[in-house]
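Peer 1: Okay, here's the structure, questions in a sec.
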Amino acid sequence: MTKYIFCTGGVVSSLGKGVAAASIGRILKSRGLTVTVQKLDPYLNVDPGTMSPYEHGEVFVLEDGAETDLDLGAYERFIDENLSRLSNLTSGQVYQEVINRERRGDYLGKTIQVIPHVTNQIKATINRVARETQADVVIVEVGGTVGDIEGLPFLEALRQMRKDVGRENTLYIHVTLLPHLATTNELKTKPTQHSVRELRGIGIQPDMIMCRADLPVTDDLRDKIALFCDVDRQAVIPLETAETIYEVPLVLEQYGVADFICERMDIDCRPPNLSEWADMVAHIKKVKPYSVKVGVVGKYVELEDAYISVYEALNHAATHQDCDLEIEWISSEDLERMRHIERLAGLDGVVVPGGFGERGIEGKIVTAKYCRVNHVPYLGLCLGMQVMVIELARDTFESDAPNSTEFNPATHFPVIDLMPDQRDIADLGGTMRLGSYPCHLAPGSVAAQAYGVDLVHERHRHRFEFNNEYREQLGRAGLVLSGLSPDGRLVEIAEIKGHPFMLGSQFHPEFKSRPTRPHPLFAAFIKAAGDRARAKMNGTGE
Ligand code: GLN
């Protein structure tokens, strides 16, 4: 029998509910259970793929090409399982399916209502995840905060789940905030009480309350919350802001969260083995011999969530390389206006991440040039690879014309372009290359050395490709096409010959980096940046 854990949030959003859900998954997995995590998002978009990163942060891409909420990135990094399209359900998807079925006549003339038709559709998707993954435990997180109007159908569906599958197979965890008032220097429980009351009004009595706080949560406070909210004392879990998010599973284990869950739901499992995880956390926290300064040049740099997987992947690699990491977020638009160009000078390495649209593109090209000429390690992710190619072409053809047809459809040097067979369907909108594709690595290349194998699978999310018409000319100019699709038609990785590390991938390696297993390309990049940092320290650098 599948066990279901439902995570709701109260008081404020951005509490780290996703990290809490992911951490619960990790501690249960460490007991030998199979787990999966699903996110229910109450907004009406069908998926976040069409939303601006300013609205929603990064779009996380799964193996199957689903464009999902960034919390799925946290789930995959913590539980280290690949999730699927079904793992992120939005109101938009639910309504789309219900309306399609209504149009097809599937409801046999009935009046279609939120209860039961919308709630049934939500429950059907939760059950499908359980069936298809065959996980022992399905953890379901509801986006937003209890009290949001749009979240009600989801909460109602979760309420019904307990009736459907039984009390012993369901557990409700409510994540709240204990705000801190500087004037009295204390944590307040009242908002938590109100939010639990709101949840009970919907018919859900939480079994466990996790309290986010910036100060230690005393036993008195735990007693008070237990009393007012009617939960067991040991089920009030303090979640103080941790030094690193990867510490959260260890904190939960320490508070006996997994023991409580297993006892409540009668789950039989072995004792936890979190030793590899604990070693990783200890390694993150330990003092490192030197520090590496990496610039991320993008157009959404004001909002770190827009590049959260890049941030995580850089950190995984730095820990692995045993160095501290300092990230400078640099606006490509500033560089375009030749502002702050001097900021590039102090960097040990530069990442140009993915992006869409023309804004800031010239600033990224300036960055690629700077890195190529000054031998600064450069990692280009998707658009960052395209930019690297454009820059080299401009230098090779001694012209400003080379470009991607995304930015200048009439360019005489379309070095980045749609594939011929894509052009005819471009207007239909379904032309994005999404999800996992195989890539063959050229023996002896920087990429092949980094990966240590000759075939890899990586996740894509883009429309434009390297234009094969330019393979020869750019090859002569020093571009090594070190990763190709198995049929040889698509350029997946390019690198600059004779440079300490200048490599771009058409895919997004950041999606597959894990805290205990940094991505090989990020690891190789940080190693090159580290070499530069140490050479500077020893006075032998450029
Ligand atoms: N805009 C580029 C394309 O569509 C790159 C996309 C990306 O960086 N994810 O090909």
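For the structure tokens, the naming scheme is as follows: chains receive sequential letters (A, B, ...) according to their order of presentation, residues are indexed from 1 within each chain, and ligands are indexed from 1 in presentation order.
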Neighbours of ligand 1 at 6 Å or closer, counting only C-alpha atoms and all ligand atoms: which residues, as a list in words?
Peer 2: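 Protein and nucleic-acid residues within 6 Å of ligand 1: Gly354, Gly355, Phe356, Cys382, Leu383, Arg461, His462, Arg463 and Phe464 of chain A.
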Peer 1: Which residue, A:Gly25, A:Val146, A:Thr133, A:Asn374, has the smallest gap to Arg200 of chain A when you use only C-alpha atoms?
Peer 2: A:Val146
Peer 1: Could you work out how far atom CA of His375 of chain A lies from atom CA of Met388 of chain A, giving the answer in Å with one decimal?
Peer 2: 13.4 Å
Peer 1: Nearest to Lys299 of chain A: which of A:Pro191, A:Gly166, A:Pro443, A:Pro353 is it, counting only C-alpha atoms?
Peer 2: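 Checking each of A:Pro191, A:Gly166, A:Pro443, A:Pro353 against Lys299 of chain A, counting only C-alpha atoms, the winner is A:Pro353.
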Peer 1: Taking only segment 204-321 of chain A into account, list the residues labelled helix (DSSP H, G or I) by DSSP (computed from the backbone), as a PyMOL selection string.
Peer 2: chain A and resi 219-229+233-235+245-254+257-264+275-285+304-320
Peer 1: What residues in segment 130-197 of chain A get the DSSP label strand (DSSP E)? Please answer as a list in words.
Peer 2: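 Residues of segment 130-197 of chain A classed as strand (DSSP E): Val137, Val138, Ile139, Val140, Glu141, Val142, Thr170, Leu171, Tyr172, Ile173, His174, Val175, Thr176, Leu177, His180, Leu181, Glu186 and Leu187 of chain A.
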Peer 1: Find the residues near segment 497-511 of chain A: any atom within 6 Å, counting only C-alpha atoms, skip ones fewer than 4 places away on the same chain, and give them as a list in words.
Peer 2: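 In the requested form, the answer reads Ser309, Val310, Ala313, His375, Pro377, Tyr378, Leu379, Gly380, Leu381, Cys382, Met385, Arg459, His460, Gly478, Glu492 and Ile493 of chain A.
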Peer 1: Pull C-alpha atoms from the residues just selected and write them as a short mmCIF file (atom, residue, chain, number, x, y, z; two decimals), in the first residue's frame.
Peer 2:
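Saved to selection-v6.cif:
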```cif
data_model
loop_
_atom_site.label_atom_id
_atom_site.label_comp_id
_atom_site.auth_asym_id
_atom_site.auth_seq_id
_atom_site.Cartn_x
_atom_site.Cartn_y
_atom_site.Cartn_z
CA SER A 309 20.31 25.13 -10.76
CA VAL A 310 23.40 26.93 -12.11
CA ALA A 313 25.81 23.11 -9.75
CA HIS A 375 42.37 32.91 -21.32
CA PRO A 377 37.87 29.83 -18.07
CA TYR A 378 34.42 30.07 -19.67
CA LEU A 379 31.42 27.75 -19.42
CA GLY A 380 28.55 28.46 -21.80
CA LEU A 381 25.18 26.90 -21.09
CA CYS A 382 22.85 26.70 -24.09
CA MET A 385 27.41 28.18 -26.14
CA ARG A 459 18.71 17.78 -21.01
CA HIS A 460 17.83 20.42 -23.57
CA GLY A 478 39.99 26.70 -33.51
CA GLU A 492 25.92 19.55 -28.68
CA ILE A 493 29.30 20.72 -27.30
#
```
Peer 1: Give me, please, the distance in Å between atom CA of Val415 of chain A and atom CA of Ala477 of chain A, quoted to one decimal.
Peer 2: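 Atom-to-atom, atom CA of Val415 of chain A to atom CA of Ala477 of chain A, that is 13.7 Å.
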Peer 1: Which segment 18-76 of chain A residues have any atom within 9 Å of an atom of segment 88-112 of chain A, and for each, what is the nearest pair of atoms with distance in Å to one decimal, counting only C-alpha atoms, rows sorted by chain and number, as JSON lines?
Peer 2:
```
{"residue": "A:Gln38", "atom": "CA", "partner": "A:Asn88", "partner_atom": "CA", "distance": 5.8}
{"residue": "A:Lys39", "atom": "CA", "partner": "A:Asn88", "partner_atom": "CA", "distance": 4.8}
{"residue": "A:Leu40", "atom": "CA", "partner": "A:Leu89", "partner_atom": "CA", "distance": 4.9}
{"residue": "A:Asp41", "atom": "CA", "partner": "A:Thr90", "partner_atom": "CA", "distance": 4.5}
{"residue": "A:Pro42", "atom": "CA", "partner": "A:Ser91", "partner_atom": "CA", "distance": 5.0}
{"residue": "A:Tyr43", "atom": "CA", "partner": "A:Ser91", "partner_atom": "CA", "distance": 5.6}
{"residue": "A:Leu44", "atom": "CA", "partner": "A:Gly92", "partner_atom": "CA", "distance": 4.1}
{"residue": "A:Asn45", "atom": "CA", "partner": "A:Gly92", "partner_atom": "CA", "distance": 4.9}
{"residue": "A:Val46", "atom": "CA", "partner": "A:Gly92", "partner_atom": "CA", "distance": 4.3}
{"residue": "A:Asp47", "atom": "CA", "partner": "A:Thr90", "partner_atom": "CA", "distance": 6.7}
{"residue": "A:Ala66", "atom": "CA", "partner": "A:Asn88", "partner_atom": "CA", "distance": 8.7}
{"residue": "A:Glu67", "atom": "CA", "partner": "A:Asn88", "partner_atom": "CA", "distance": 8.9}
{"residue": "A:Thr68", "atom": "CA", "partner": "A:Asn88", "partner_atom": "CA", "distance": 6.3}
{"residue": "A:Asp69", "atom": "CA", "partner": "A:Asn88", "partner_atom": "CA", "distance": 7.1}
{"residue": "A:Leu72", "atom": "CA", "partner": "A:Asn88", "partner_atom": "CA", "distance": 7.7}
```
Peer 1: Of the candidates A:Arg489, A:Glu336, A:Gly73, A:Pro153, which one gets nearest to Gln113 of chain A if we count only C-alpha atoms?
Peer 2: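 Nearest candidate to Gln113 of chain A out of A:Arg489, A:Glu336, A:Gly73, A:Pro153: A:Pro153.
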Peer 1: Rounded to one decimal place, report the atom CA of Asp531 of chain A-atom CA of Gln321 of chain A distance in Å.
Peer 2: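 According to the coordinates, atom CA of Asp531 of chain A and atom CA of Gln321 of chain A are separated by 10.7 Å.
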Peer 1: Taking into account only C-alpha atoms, which residue in the set A:Ile237, A:Gly435, A:Asn538, A:Phe466 is nearest to Tyr255 of chain A?
Peer 2: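 Among the listed residues, the smallest separation from Tyr255 of chain A belongs to A:Ile237.
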Peer 1: Could you name the residues that touch Tyr370 of chain A at 12 Å or less, counting only C-alpha atoms, but leaving out those on the same chain fewer than 3 positions away, as an mmCIF file with C-alpha atoms, in the first residue's frame?
Peer 2:
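So selection-v2.cif came out as:
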```
data_model
loop_
_atom_site.group_PDB
_atom_site.id
_atom_site.type_symbol
_atom_site.label_atom_id
_atom_site.label_comp_id
_atom_site.auth_asym_id
_atom_site.auth_seq_id
_atom_site.Cartn_x
_atom_site.Cartn_y
_atom_site.Cartn_z
ATOM 1 C CA LEU A 335 28.282 45.019 -20.076
ATOM 2 C CA ILE A 341 33.424 45.897 -17.851
ATOM 3 C CA GLU A 342 36.255 46.028 -15.329
ATOM 4 C CA ARG A 343 34.308 43.574 -13.193
ATOM 5 C CA LEU A 344 35.379 40.817 -15.571
ATOM 6 C CA ALA A 345 39.031 41.481 -14.757
ATOM 7 C CA GLY A 346 39.033 40.043 -11.255
ATOM 8 C CA LEU A 347 37.253 36.804 -12.126
ATOM 9 C CA GLY A 349 35.988 32.010 -14.412
ATOM 10 C CA VAL A 350 32.791 33.059 -16.160
ATOM 11 C CA GLY A 363 27.050 42.097 -23.370
ATOM 12 C CA LYS A 364 27.378 38.323 -23.390
ATOM 13 C CA ILE A 365 29.347 38.460 -26.634
ATOM 14 C CA VAL A 366 31.710 41.029 -25.094
ATOM 15 C CA THR A 367 32.127 38.606 -22.182
ATOM 16 C CA VAL A 373 41.402 36.640 -25.481
ATOM 17 C CA ASN A 374 42.452 36.678 -21.824
ATOM 18 C CA HIS A 375 42.373 32.909 -21.324
ATOM 19 C CA VAL A 376 39.727 33.138 -18.569
ATOM 20 C CA PRO A 377 37.868 29.827 -18.072
ATOM 21 C CA TYR A 378 34.416 30.068 -19.672
ATOM 22 C CA MET A 388 30.692 31.674 -27.792
ATOM 23 C CA GLU A 391 31.897 35.705 -30.920
ATOM 24 C CA LEU A 392 34.418 33.400 -32.567
ATOM 25 C CA MET A 502 36.416 27.491 -22.999
#
```
Peer 1: Residues within 10 Å of Ile24 of chain A, please, as a list of chain:residue names. Count only C-alpha atoms; anything in the same chain fewer than 2 positions from it doesn't count.
Peer 2: A:Ile5, A:Gly18, A:Val19, A:Ala20, A:Ala21, A:Ala22, A:Arg26, A:Ile27, A:Leu28, A:Lys29, A:Ser30, A:Val35, A:Val37, A:Tyr75, A:Phe78, A:Ile79, A:Ile139, A:Val248, A:Pro249, A:Leu250, A:Leu252, A:Glu253, A:Val257, A:Ala258, A:Ile261
Peer 1: At a cut-off of 12 Å, using only C-alpha atoms, what residues contact Asp487 of chain A? Leave out same-chain residues fewer than 5 positions from it and give the result as number ranges by chain.
Peer 2: A: 437-440, 492
Peer 1: Compile the contact shell of Phe154 of chain A as a count of residues only: residues with an atom at most 12 Å away, counting only C-alpha atoms, same-chain residues fewer than 6 positions apart removed.
Peer 2: 38
